[in-house]
file upload_33.cif (mmCIF, C-alpha atoms; chains and numbers go by the auth columns)
data_my_file
loop_
_atom_site.group_PDB
_atom_site.id
_atom_site.type_symbol
_atom_site.label_atom_id
_atom_site.label_comp_id
_atom_site.label_asym_id
_atom_site.label_seq_id
_atom_site.Cartn_x
_atom_site.Cartn_y
_atom_site.Cartn_z
_atom_site.B_iso_or_equiv
_atom_site.auth_seq_id
_atom_site.auth_asym_id
ATOM 1 C CA MET A 1 0.000 0.000 0.000 0.00 1 A
ATOM 2 C CA GLY A 2 1.542 3.307 -1.084 0.00 2 A
ATOM 3 C CA GLY A 3 1.401 6.596 0.756 0.00 3 A
ATOM 4 C CA ILE A 4 -0.833 9.538 -0.119 0.00 4 A
ATOM 5 C CA LEU A 5 1.931 11.080 -2.271 0.00 5 A
ATOM 6 C CA GLU A 6 2.888 7.877 -4.112 0.00 6 A
ATOM 7 C CA GLY A 7 4.414 8.738 -7.494 0.00 7 A
ATOM 8 C CA LYS A 8 4.261 12.490 -6.947 0.00 8 A
ATOM 9 C CA ARG A 9 7.181 14.858 -7.497 0.00 9 A
ATOM 10 C CA ILE A 10 7.486 17.628 -4.952 0.00 10 A
ATOM 11 C CA LEU A 11 9.809 20.637 -4.667 0.00 11 A
ATOM 12 C CA VAL A 12 10.294 21.888 -1.108 0.00 12 A
ATOM 13 C CA ALA A 13 11.799 25.365 -1.443 0.00 13 A
ATOM 14 C CA GLY A 14 13.589 26.774 1.581 0.00 14 A
ATOM 15 C CA VAL A 15 15.099 23.932 3.610 0.00 15 A
ATOM 16 C CA THR A 16 17.934 25.024 5.886 0.00 16 A
ATOM 17 C CA MET A 17 18.094 23.198 9.212 0.00 17 A
ATOM 18 C CA ASP A 18 16.672 19.802 10.179 0.00 18 A
ATOM 19 C CA SER A 19 14.535 21.698 12.722 0.00 19 A
ATOM 20 C CA SER A 20 12.690 23.504 9.912 0.00 20 A
ATOM 21 C CA ILE A 21 9.138 22.854 8.756 0.00 21 A
ATOM 22 C CA GLY A 22 10.560 22.437 5.245 0.00 22 A
ATOM 23 C CA PHE A 23 12.793 19.571 6.369 0.00 23 A
ATOM 24 C CA ALA A 24 9.943 17.874 8.248 0.00 24 A
ATOM 25 C CA THR A 25 7.729 18.251 5.158 0.00 25 A
ATOM 26 C CA ALA A 26 10.378 16.710 2.885 0.00 26 A
ATOM 27 C CA LYS A 27 10.688 13.766 5.302 0.00 27 A
ATOM 28 C CA VAL A 28 6.944 13.117 5.569 0.00 28 A
ATOM 29 C CA ALA A 29 6.545 13.523 1.786 0.00 29 A
ATOM 30 C CA GLN A 30 9.233 10.884 1.172 0.00 30 A
ATOM 31 C CA GLU A 31 7.613 8.567 3.714 0.00 31 A
ATOM 32 C CA GLN A 32 4.336 9.028 1.816 0.00 32 A
ATOM 33 C CA GLY A 33 5.907 7.967 -1.474 0.00 33 A
ATOM 34 C CA ALA A 34 6.943 11.256 -3.086 0.00 34 A
ATOM 35 C CA THR A 35 10.096 11.997 -5.038 0.00 35 A
ATOM 36 C CA VAL A 36 11.403 15.146 -3.359 0.00 36 A
ATOM 37 C CA LEU A 37 13.750 17.947 -4.391 0.00 37 A
ATOM 38 C CA ILE A 38 14.811 20.648 -1.947 0.00 38 A
ATOM 39 C CA SER A 39 16.344 24.088 -2.459 0.00 39 A
ATOM 40 C CA ASN A 40 18.261 26.880 -0.797 0.00 40 A
ATOM 41 C CA PHE A 41 20.860 29.438 -1.834 0.00 41 A
ATOM 42 C CA GLY A 42 23.974 31.360 -0.862 0.00 42 A
ATOM 43 C CA ARG A 43 25.853 30.491 2.311 0.00 43 A
ATOM 44 C CA ALA A 44 23.005 28.288 3.534 0.00 44 A
ATOM 45 C CA LEU A 45 23.323 25.976 0.518 0.00 45 A
ATOM 46 C CA GLY A 46 26.227 24.058 2.073 0.00 46 A
ATOM 47 C CA ILE A 47 24.210 23.453 5.245 0.00 47 A
ATOM 48 C CA THR A 48 21.233 22.264 3.171 0.00 48 A
ATOM 49 C CA ARG A 49 23.440 19.782 1.295 0.00 49 A
ATOM 50 C CA ARG A 50 24.646 18.317 4.612 0.00 50 A
ATOM 51 C CA ILE A 51 21.147 18.249 6.102 0.00 51 A
ATOM 52 C CA ALA A 52 19.783 16.503 2.970 0.00 52 A
ATOM 53 C CA ARG A 53 21.714 13.374 3.963 0.00 53 A
ATOM 54 C CA ARG A 54 19.544 13.053 7.077 0.00 54 A
ATOM 55 C CA LEU A 55 16.392 12.477 5.039 0.00 55 A
ATOM 56 C CA PRO A 56 15.229 8.889 4.350 0.00 56 A
ATOM 57 C CA VAL A 57 16.399 9.318 0.732 0.00 57 A
ATOM 58 C CA GLU A 58 19.002 11.986 -0.035 0.00 58 A
ATOM 59 C CA PRO A 59 17.223 14.392 -2.412 0.00 59 A
ATOM 60 C CA PRO A 60 18.719 16.594 -5.110 0.00 60 A
ATOM 61 C CA VAL A 61 19.515 20.072 -3.734 0.00 61 A
ATOM 62 C CA LEU A 62 18.809 22.946 -6.110 0.00 62 A
ATOM 63 C CA GLU A 63 20.237 26.437 -5.841 0.00 63 A
ATOM 64 C CA LEU A 64 17.309 28.842 -5.801 0.00 64 A
ATOM 65 C CA ASP A 65 17.215 32.440 -4.615 0.00 65 A
ATOM 66 C CA VAL A 66 13.577 33.496 -5.098 0.00 66 A
ATOM 67 C CA THR A 67 14.661 37.135 -5.515 0.00 67 A
ATOM 68 C CA ASP A 68 17.016 36.269 -8.405 0.00 68 A
ATOM 69 C CA GLU A 69 15.326 36.430 -11.825 0.00 69 A
ATOM 70 C CA GLU A 70 17.972 34.178 -13.411 0.00 70 A
ATOM 71 C CA HIS A 71 17.465 31.500 -10.750 0.00 71 A
ATOM 72 C CA LEU A 72 13.706 31.615 -11.286 0.00 72 A
ATOM 73 C CA ALA A 73 14.061 31.499 -15.072 0.00 73 A
ATOM 74 C CA GLY A 74 16.337 28.463 -14.837 0.00 74 A
ATOM 75 C CA LEU A 75 14.326 26.556 -12.233 0.00 75 A
ATOM 76 C CA ALA A 76 12.363 24.379 -14.668 0.00 76 A
ATOM 77 C CA ASP A 77 15.606 23.285 -16.365 0.00 77 A
ATOM 78 C CA GLN A 78 17.195 22.518 -12.974 0.00 78 A
ATOM 79 C CA VAL A 79 14.237 20.332 -12.019 0.00 79 A
ATOM 80 C CA ARG A 80 14.289 18.464 -15.350 0.00 80 A
ATOM 81 C CA GLU A 81 18.033 17.920 -15.003 0.00 81 A
ATOM 82 C CA HIS A 82 17.319 15.773 -11.947 0.00 82 A
ATOM 83 C CA LEU A 83 13.933 14.263 -12.812 0.00 83 A
ATOM 84 C CA GLY A 84 14.244 13.798 -16.575 0.00 84 A
ATOM 85 C CA PRO A 85 13.752 15.963 -19.700 0.00 85 A
ATOM 86 C CA ASP A 86 9.976 15.531 -19.786 0.00 86 A
ATOM 87 C CA ALA A 87 9.373 15.490 -16.035 0.00 87 A
ATOM 88 C CA GLY A 88 7.120 17.906 -14.230 0.00 88 A
ATOM 89 C CA LEU A 89 6.123 18.690 -10.662 0.00 89 A
ATOM 90 C CA ASP A 90 2.943 17.739 -8.832 0.00 90 A
ATOM 91 C CA GLY A 91 3.536 20.001 -5.853 0.00 91 A
ATOM 92 C CA VAL A 92 5.554 22.942 -4.576 0.00 92 A
ATOM 93 C CA VAL A 93 6.124 23.904 -0.946 0.00 93 A
ATOM 94 C CA HIS A 94 6.989 27.531 -0.200 0.00 94 A
ATOM 95 C CA SER A 95 8.889 27.462 3.091 0.00 95 A
ATOM 96 C CA ILE A 96 10.573 30.825 2.664 0.00 96 A
ATOM 97 C CA ALA A 97 10.504 33.993 4.759 0.00 97 A
ATOM 98 C CA TYR A 98 12.950 36.624 5.910 0.00 98 A
ATOM 99 C CA GLY A 99 12.790 39.867 7.847 0.00 99 A
ATOM 100 C CA ASN A 100 15.869 41.530 9.318 0.00 100 A
ATOM 101 C CA PRO A 101 15.526 40.799 13.072 0.00 101 A
ATOM 102 C CA GLU A 102 17.656 43.802 13.987 0.00 102 A
ATOM 103 C CA THR A 103 15.422 46.350 12.272 0.00 103 A
ATOM 104 C CA LEU A 104 11.976 44.819 11.774 0.00 104 A
ATOM 105 C CA LEU A 105 11.207 42.503 14.711 0.00 105 A
ATOM 106 C CA GLY A 106 11.049 42.549 18.494 0.00 106 A
ATOM 107 C CA GLY A 107 9.236 45.839 19.052 0.00 107 A
ATOM 108 C CA LYS A 108 10.698 47.808 16.129 0.00 108 A
ATOM 109 C CA PHE A 109 7.503 48.226 14.115 0.00 109 A
ATOM 110 C CA LEU A 110 7.399 52.026 14.230 0.00 110 A
ATOM 111 C CA THR A 111 11.015 52.406 13.134 0.00 111 A
ATOM 112 C CA GLY A 112 11.258 49.696 10.449 0.00 112 A
ATOM 113 C CA PRO A 113 13.126 51.201 7.452 0.00 113 A
ATOM 114 C CA TRP A 114 11.483 50.800 4.049 0.00 114 A
ATOM 115 C CA PRO A 115 14.387 49.009 2.285 0.00 115 A
ATOM 116 C CA ASP A 116 14.250 46.251 4.938 0.00 116 A
ATOM 117 C CA VAL A 117 10.448 46.130 4.823 0.00 117 A
ATOM 118 C CA ALA A 118 10.576 45.873 1.022 0.00 118 A
ATOM 119 C CA GLN A 119 13.021 42.969 1.288 0.00 119 A
ATOM 120 C CA ALA A 120 10.785 41.204 3.842 0.00 120 A
ATOM 121 C CA VAL A 121 7.727 41.585 1.609 0.00 121 A
ATOM 122 C CA GLN A 122 9.591 40.400 -1.489 0.00 122 A
ATOM 123 C CA VAL A 123 11.150 37.349 0.171 0.00 123 A
ATOM 124 C CA SER A 124 8.175 36.374 2.321 0.00 124 A
ATOM 125 C CA ALA A 125 5.108 37.274 0.216 0.00 125 A
ATOM 126 C CA TYR A 126 5.862 38.258 -3.401 0.00 126 A
ATOM 127 C CA SER A 127 8.055 35.157 -3.730 0.00 127 A
ATOM 128 C CA LEU A 128 5.003 32.898 -3.445 0.00 128 A
ATOM 129 C CA MET A 129 3.902 34.313 -6.791 0.00 129 A
ATOM 130 C CA SER A 130 7.375 34.311 -8.351 0.00 130 A
ATOM 131 C CA LEU A 131 8.122 30.731 -7.232 0.00 131 A
ATOM 132 C CA THR A 132 4.727 29.508 -8.431 0.00 132 A
ATOM 133 C CA GLN A 133 5.200 31.224 -11.796 0.00 133 A
ATOM 134 C CA ALA A 134 8.645 29.630 -12.160 0.00 134 A
ATOM 135 C CA CYS A 135 7.116 26.203 -11.500 0.00 135 A
ATOM 136 C CA ARG A 136 4.044 26.697 -13.677 0.00 136 A
ATOM 137 C CA PRO A 137 5.637 25.232 -16.838 0.00 137 A
ATOM 138 C CA LEU A 138 6.282 22.066 -14.786 0.00 138 A
ATOM 139 C CA MET A 139 2.605 21.702 -13.838 0.00 139 A
ATOM 140 C CA PRO A 140 0.730 21.610 -17.162 0.00 140 A
ATOM 141 C CA GLY A 141 -1.837 19.179 -15.760 0.00 141 A
ATOM 142 C CA GLY A 142 -2.344 21.086 -12.512 0.00 142 A
ATOM 143 C CA GLY A 143 -0.806 20.639 -9.094 0.00 143 A
ATOM 144 C CA SER A 144 -0.708 21.896 -5.550 0.00 144 A
ATOM 145 C CA VAL A 145 1.196 24.843 -4.080 0.00 145 A
ATOM 146 C CA VAL A 146 1.402 25.061 -0.286 0.00 146 A
ATOM 147 C CA GLY A 147 2.931 27.918 1.702 0.00 147 A
ATOM 148 C CA LEU A 148 3.484 28.470 5.421 0.00 148 A
ATOM 149 C CA THR A 149 2.102 31.346 7.438 0.00 149 A
ATOM 150 C CA PHE A 150 1.694 32.521 11.004 0.00 150 A
ATOM 151 C CA ASP A 151 -1.830 33.850 11.550 0.00 151 A
ATOM 152 C CA ALA A 152 -1.802 37.384 10.114 0.00 152 A
ATOM 153 C CA THR A 153 -5.351 38.361 11.131 0.00 153 A
ATOM 154 C CA VAL A 154 -4.103 39.863 14.405 0.00 154 A
ATOM 155 C CA ALA A 155 -1.056 41.756 15.725 0.00 155 A
ATOM 156 C CA TRP A 156 1.354 39.605 17.753 0.00 156 A
ATOM 157 C CA PRO A 157 3.996 40.610 20.295 0.00 157 A
ATOM 158 C CA ALA A 158 7.438 40.946 18.659 0.00 158 A
ATOM 159 C CA TYR A 159 6.338 39.821 15.154 0.00 159 A
ATOM 160 C CA ASP A 160 5.956 43.355 13.783 0.00 160 A
ATOM 161 C CA TRP A 161 6.827 43.730 10.078 0.00 161 A
ATOM 162 C CA MET A 162 6.980 39.966 9.619 0.00 162 A
ATOM 163 C CA GLY A 163 3.277 39.947 10.486 0.00 163 A
ATOM 164 C CA VAL A 164 2.648 42.484 7.720 0.00 164 A
ATOM 165 C CA ALA A 165 4.647 40.338 5.281 0.00 165 A
ATOM 166 C CA LYS A 166 2.605 37.258 6.267 0.00 166 A
ATOM 167 C CA ALA A 167 -0.619 39.218 5.697 0.00 167 A
ATOM 168 C CA GLY A 168 0.721 39.906 2.208 0.00 168 A
ATOM 169 C CA LEU A 169 1.493 36.198 1.764 0.00 169 A
ATOM 170 C CA GLU A 170 -2.034 35.227 2.800 0.00 170 A
ATOM 171 C CA SER A 171 -3.570 37.690 0.347 0.00 171 A
ATOM 172 C CA CYS A 172 -1.151 36.617 -2.390 0.00 172 A
ATOM 173 C CA SER A 173 -2.222 32.976 -1.977 0.00 173 A
ATOM 174 C CA ARG A 174 -5.877 33.911 -2.555 0.00 174 A
ATOM 175 C CA TYR A 175 -5.115 35.844 -5.753 0.00 175 A
ATOM 176 C CA LEU A 176 -2.929 32.990 -7.020 0.00 176 A
ATOM 177 C CA ALA A 177 -5.762 30.568 -6.242 0.00 177 A
ATOM 178 C CA ARG A 178 -8.071 32.767 -8.306 0.00 178 A
ATOM 179 C CA ASP A 179 -5.774 33.067 -11.317 0.00 179 A
ATOM 180 C CA LEU A 180 -4.396 29.512 -11.419 0.00 180 A
ATOM 181 C CA GLY A 181 -7.545 27.573 -10.536 0.00 181 A
ATOM 182 C CA PRO A 182 -8.572 27.297 -14.210 0.00 182 A
ATOM 183 C CA GLU A 183 -5.261 25.466 -14.819 0.00 183 A
ATOM 184 C CA GLY A 184 -5.989 22.997 -12.023 0.00 184 A
ATOM 185 C CA ILE A 185 -3.341 24.504 -9.725 0.00 185 A
ATOM 186 C CA ARG A 186 -4.478 24.731 -6.102 0.00 186 A
ATOM 187 C CA VAL A 187 -2.847 27.255 -3.754 0.00 187 A
ATOM 188 C CA ASN A 188 -3.250 26.897 0.011 0.00 188 A
ATOM 189 C CA LEU A 189 -1.440 27.855 3.206 0.00 189 A
ATOM 190 C CA VAL A 190 -0.828 26.112 6.502 0.00 190 A
ATOM 191 C CA SER A 191 -0.879 28.384 9.538 0.00 191 A
ATOM 192 C CA ALA A 192 1.284 26.740 12.183 0.00 192 A
ATOM 193 C CA GLY A 193 1.568 27.591 15.855 0.00 193 A
ATOM 194 C CA PRO A 194 4.958 28.815 17.135 0.00 194 A
ATOM 195 C CA LEU A 195 7.701 26.245 16.551 0.00 195 A
ATOM 196 C CA LYS A 196 11.311 26.238 17.707 0.00 196 A
ATOM 197 C CA THR A 197 12.816 26.809 14.276 0.00 197 A
ATOM 198 C CA LEU A 198 15.749 28.906 13.117 0.00 198 A
ATOM 199 C CA ALA A 199 13.243 31.585 12.033 0.00 199 A
ATOM 200 C CA ALA A 200 11.631 31.732 15.483 0.00 200 A
ATOM 201 C CA LYS A 201 14.987 32.002 17.256 0.00 201 A
ATOM 202 C CA ALA A 202 15.656 35.199 15.306 0.00 202 A
ATOM 203 C CA ILE A 203 12.608 36.936 16.809 0.00 203 A
ATOM 204 C CA PRO A 204 13.339 38.725 20.102 0.00 204 A
ATOM 205 C CA GLY A 205 10.515 38.068 22.573 0.00 205 A
ATOM 206 C CA PHE A 206 9.063 35.097 20.675 0.00 206 A
ATOM 207 C CA GLU A 207 9.364 32.930 23.816 0.00 207 A
ATOM 208 C CA ASP A 208 6.476 34.883 25.399 0.00 208 A
ATOM 209 C CA LEU A 209 4.262 33.830 22.533 0.00 209 A
ATOM 210 C CA GLU A 210 5.292 30.189 22.840 0.00 210 A
ATOM 211 C CA ALA A 211 4.563 30.190 26.578 0.00 211 A
ATOM 212 C CA MET A 212 0.928 31.262 26.214 0.00 212 A
ATOM 213 C CA TRP A 213 0.277 28.923 23.296 0.00 213 A
ATOM 214 C CA SER A 214 0.285 25.635 25.193 0.00 214 A
ATOM 215 C CA ASP A 215 -1.980 27.140 27.891 0.00 215 A
ATOM 216 C CA ARG A 216 -4.679 28.231 25.434 0.00 216 A
ATOM 217 C CA SER A 217 -4.625 25.437 22.849 0.00 217 A
ATOM 218 C CA PRO A 218 -7.382 22.863 23.503 0.00 218 A
ATOM 219 C CA LEU A 219 -5.182 20.108 22.032 0.00 219 A
ATOM 220 C CA GLY A 220 -2.051 21.418 23.718 0.00 220 A
ATOM 221 C CA TRP A 221 0.980 22.480 21.714 0.00 221 A
ATOM 222 C CA ASP A 222 4.463 20.997 21.396 0.00 222 A
ATOM 223 C CA ASN A 223 6.687 23.728 19.954 0.00 223 A
ATOM 224 C CA THR A 224 9.452 21.221 19.199 0.00 224 A
ATOM 225 C CA ASP A 225 7.326 18.950 16.967 0.00 225 A
ATOM 226 C CA GLN A 226 7.169 19.989 13.304 0.00 226 A
ATOM 227 C CA THR A 227 5.488 16.752 12.196 0.00 227 A
ATOM 228 C CA PRO A 228 1.815 17.816 12.596 0.00 228 A
ATOM 229 C CA THR A 229 2.475 20.849 10.396 0.00 229 A
ATOM 230 C CA ALA A 230 4.395 18.756 7.847 0.00 230 A
ATOM 231 C CA LYS A 231 1.553 16.226 7.693 0.00 231 A
ATOM 232 C CA ALA A 232 -0.965 18.987 6.953 0.00 232 A
ATOM 233 C CA VAL A 233 1.250 20.317 4.150 0.00 233 A
ATOM 234 C CA CYS A 234 1.510 16.817 2.681 0.00 234 A
ATOM 235 C CA ALA A 235 -2.257 16.312 2.934 0.00 235 A
ATOM 236 C CA LEU A 236 -2.769 19.523 0.912 0.00 236 A
ATOM 237 C CA LEU A 237 -0.178 18.320 -1.630 0.00 237 A
ATOM 238 C CA SER A 238 -2.084 15.052 -2.023 0.00 238 A
ATOM 239 C CA ASP A 239 -5.239 14.262 -3.990 0.00 239 A
ATOM 240 C CA PHE A 240 -7.293 14.305 -0.786 0.00 240 A
ATOM 241 C CA PHE A 241 -8.075 18.047 -1.159 0.00 241 A
ATOM 242 C CA PRO A 242 -9.068 18.172 -4.839 0.00 242 A
ATOM 243 C CA ALA A 243 -11.575 21.036 -4.504 0.00 243 A
ATOM 244 C CA THR A 244 -9.802 23.155 -1.884 0.00 244 A
ATOM 245 C CA THR A 245 -7.920 26.294 -2.860 0.00 245 A
ATOM 246 C CA GLY A 246 -7.364 29.748 -1.371 0.00 246 A
ATOM 247 C CA GLU A 247 -7.625 28.133 2.057 0.00 247 A
ATOM 248 C CA ILE A 248 -5.625 28.543 5.265 0.00 248 A
ATOM 249 C CA VAL A 249 -5.485 25.368 7.351 0.00 249 A
ATOM 250 C CA HIS A 250 -4.596 25.978 11.006 0.00 250 A
ATOM 251 C CA VAL A 251 -2.248 23.539 12.681 0.00 251 A
ATOM 252 C CA ASP A 252 -1.980 25.250 16.041 0.00 252 A
ATOM 253 C CA GLY A 253 -3.621 22.983 18.571 0.00 253 A
ATOM 254 C CA GLY A 254 -6.862 24.966 18.156 0.00 254 A
ATOM 255 C CA PHE A 255 -5.394 28.205 19.550 0.00 255 A
ATOM 256 C CA HIS A 256 -6.849 30.344 16.724 0.00 256 A
ATOM 257 C CA ALA A 257 -10.438 29.403 17.655 0.00 257 A
ATOM 258 C CA MET A 258 -10.214 30.303 21.349 0.00 258 A
ATOM 259 C CA GLY A 259 -11.246 33.712 22.675 0.00 259 A
ATOM 260 C CA ALA A 260 -9.343 33.433 25.950 0.00 260 A
#
call {"tool": "encode", "arguments": {"input": "upload_33.cif", "output": "C-alpha cells"}}
result
Amino acid sequence: MGGILEGKRILVAGVTMDSSIGFATAKVAQEQGATVLISNFGRALGITRRIARRLPVEPPVLELDVTDEEHLAGLADQVREHLGPDAGLDGVVHSIAYGNPETLLGGKFLTGPWPDVAQAVQVSAYSLMSLTQACRPLMPGGGSVVGLTFDATVAWPAYDWMGVAKAGLESCSRYLARDLGPEGIRVNLVSAGPLKTLAAKAIPGFEDLEAMWSDRSPLGWDNTDQTPTAKAVCALLSDFFPATTGEIVHVDGGFHAMGA
C-alpha cells in the first residue's frame, strides 16, 4: 500500500536546518511515497546539502534564490536535469521567509526602514507568486502549491513587520488561487503555531508567545514537533483536497479558535 503522495514529485523550497518545517515536510513527503527535491541558496546551501543526507532518501539540492530572476528562469531546467527531460512537478512547498531581526522585529515596528520592509515583503510574500510562476511550466496538468504562514489576522507581540509580510502572503495565496484555478493549480497555506525553528529564534521576545500557546490550545501544543504541520502540508499536496484552494489550514492545537 503506497502513501498519499505515491508517485508524486514535490519541490520543497527553503530547507535550511533539520529543525525547519521544510525539512519535516520533505521527510513526511518521502515517507508518503513522493520523489522530493529541496532548495536553498547562498551560504546556507552548504548546510542544506549536509542536512539533505539526514532524510530517508538523499534528495537533489537545487540552488534557488527566489529574488534572483535568473534563478527563477532556470528553475524548470534545474528540475528536469534531476527528474528527466519531460518530467514535471505535482507540488511545490513555499517554506521561505525573511525579515531583518535587527530592524523589523522585536518591538521595532514604528522604526522599520522601508528598504528592509521591502526585502521582507519580497522574500516572504511576493516570492510565493514568483516561485509559483517559475514552476508553472512544470505543472501543465495542474498541481498543488502550499505555503506556510503565522496567523496574520491579528497583531502579535514581537512579530511586527513579519506579520505584515505574512498578511501579504495570505492575500497573495488567494489571488494565485483565483488566477491559477482554471489550470488545475491549487494554492493553500498552513498556519502553524509557534515552533522552535531557526526563524523563530531570530525573533526577540518570541518565547512569550510560545509560553501562552500551550496554555490556550485545547489540544495542547508541542513547539518542538514539526510533524503535525508537515503532515498537513503533505495532505494539501495530495489528492485528498481536490476542490480546496485559497484556504488557510490551522495547525496550532486549536489556539486560533479560542477567545481566551
call {"tool": "resolve_selection", "arguments": {"input": "upload_33.cif", "expression": "the PyMOL selection byres ((chain A and resi 159) around 9)", "output": "list in words"}}
result
Leu104, Leu105, Gly106, Gly107, Phe109, Ala155, Trp156, Pro157, Ala158, Asp160, Trp161, Met162, Gly163, Val164, Ile203, Pro204, Gly205 and Phe206 of chain A
call {"tool": "closest_atom_pairs", "arguments": {"input": "upload_33.cif", "of": "segment 190-248 of chain A", "to": "segment 134-143 of chain A", "cutoff": "10 Å", "atoms": "only C-alpha atoms", "output": "tab-separated table"}}
result
residue	atom	partner	partner_atom	distance
A:Leu237	CA	A:Gly143	CA	7.8
A:Ser238	CA	A:Gly143	CA	9.1
A:Asp239	CA	A:Gly143	CA	9.3
A:Pro242	CA	A:Gly143	CA	9.6
call {"tool": "atom_distance", "arguments": {"input": "upload_33.cif", "atom1": "atom CA of Pro56 of chain A", "atom2": "atom CA of Ile96 of chain A"}}
result
22.5 Å
call {"tool": "closest_atom_pairs", "arguments": {"input": "upload_33.cif", "of": "segment 54-139 of chain A", "to": "segment 33-41 of chain A", "cutoff": "6 Å", "atoms": "only C-alpha atoms", "output": "JSON lines"}}
result
{"residue": "A:Pro59", "atom": "CA", "partner": "A:Leu37", "partner_atom": "CA", "distance": 5.3}
{"residue": "A:Pro60", "atom": "CA", "partner": "A:Leu37", "partner_atom": "CA", "distance": 5.2}
{"residue": "A:Val61", "atom": "CA", "partner": "A:Ile38", "partner_atom": "CA", "distance": 5.1}
{"residue": "A:Leu62", "atom": "CA", "partner": "A:Ser39", "partner_atom": "CA", "distance": 4.6}
{"residue": "A:Glu63", "atom": "CA", "partner": "A:Phe41", "partner_atom": "CA", "distance": 5.0}
{"residue": "A:Leu64", "atom": "CA", "partner": "A:Phe41", "partner_atom": "CA", "distance": 5.4}
{"residue": "A:Asp65", "atom": "CA", "partner": "A:Phe41", "partner_atom": "CA", "distance": 5.5}
call {"tool": "residues_around", "arguments": {"input": "upload_33.cif", "residues": "Phe150 of chain A", "least_positions_apart": "2", "cutoff": "9 Å", "atoms": "all atoms listed in the file", "output": "PyMOL selection string"}}
result
chain A and resi 148+152+163+166-167+190-194
call {"tool": "atom_distance", "arguments": {"input": "upload_33.cif", "atom1": "atom CA of Leu128 of chain A", "atom2": "atom CA of Ala165 of chain A"}}
result
11.5 Å
call {"tool": "decode", "arguments": {"input": "upload_33.cif", "residues": "segment 110-124 of chain A", "atoms": "C-alpha atoms", "output": "short mmCIF file (atom, residue, chain, number, x, y, z; two decimals), in the first residue's frame"}}
result
data_model
loop_
_atom_site.label_atom_id
_atom_site.label_comp_id
_atom_site.auth_asym_id
_atom_site.auth_seq_id
_atom_site.Cartn_x
_atom_site.Cartn_y
_atom_site.Cartn_z
CA LEU A 110 7.40 52.03 14.23
CA THR A 111 11.02 52.41 13.13
CA GLY A 112 11.26 49.70 10.45
CA PRO A 113 13.13 51.20 7.45
CA TRP A 114 11.48 50.80 4.05
CA PRO A 115 14.39 49.01 2.28
CA ASP A 116 14.25 46.25 4.94
CA VAL A 117 10.45 46.13 4.82
CA ALA A 118 10.58 45.87 1.02
CA GLN A 119 13.02 42.97 1.29
CA ALA A 120 10.79 41.20 3.84
CA VAL A 121 7.73 41.59 1.61
CA GLN A 122 9.59 40.40 -1.49
CA VAL A 123 11.15 37.35 0.17
CA SER A 124 8.17 36.37 2.32
#
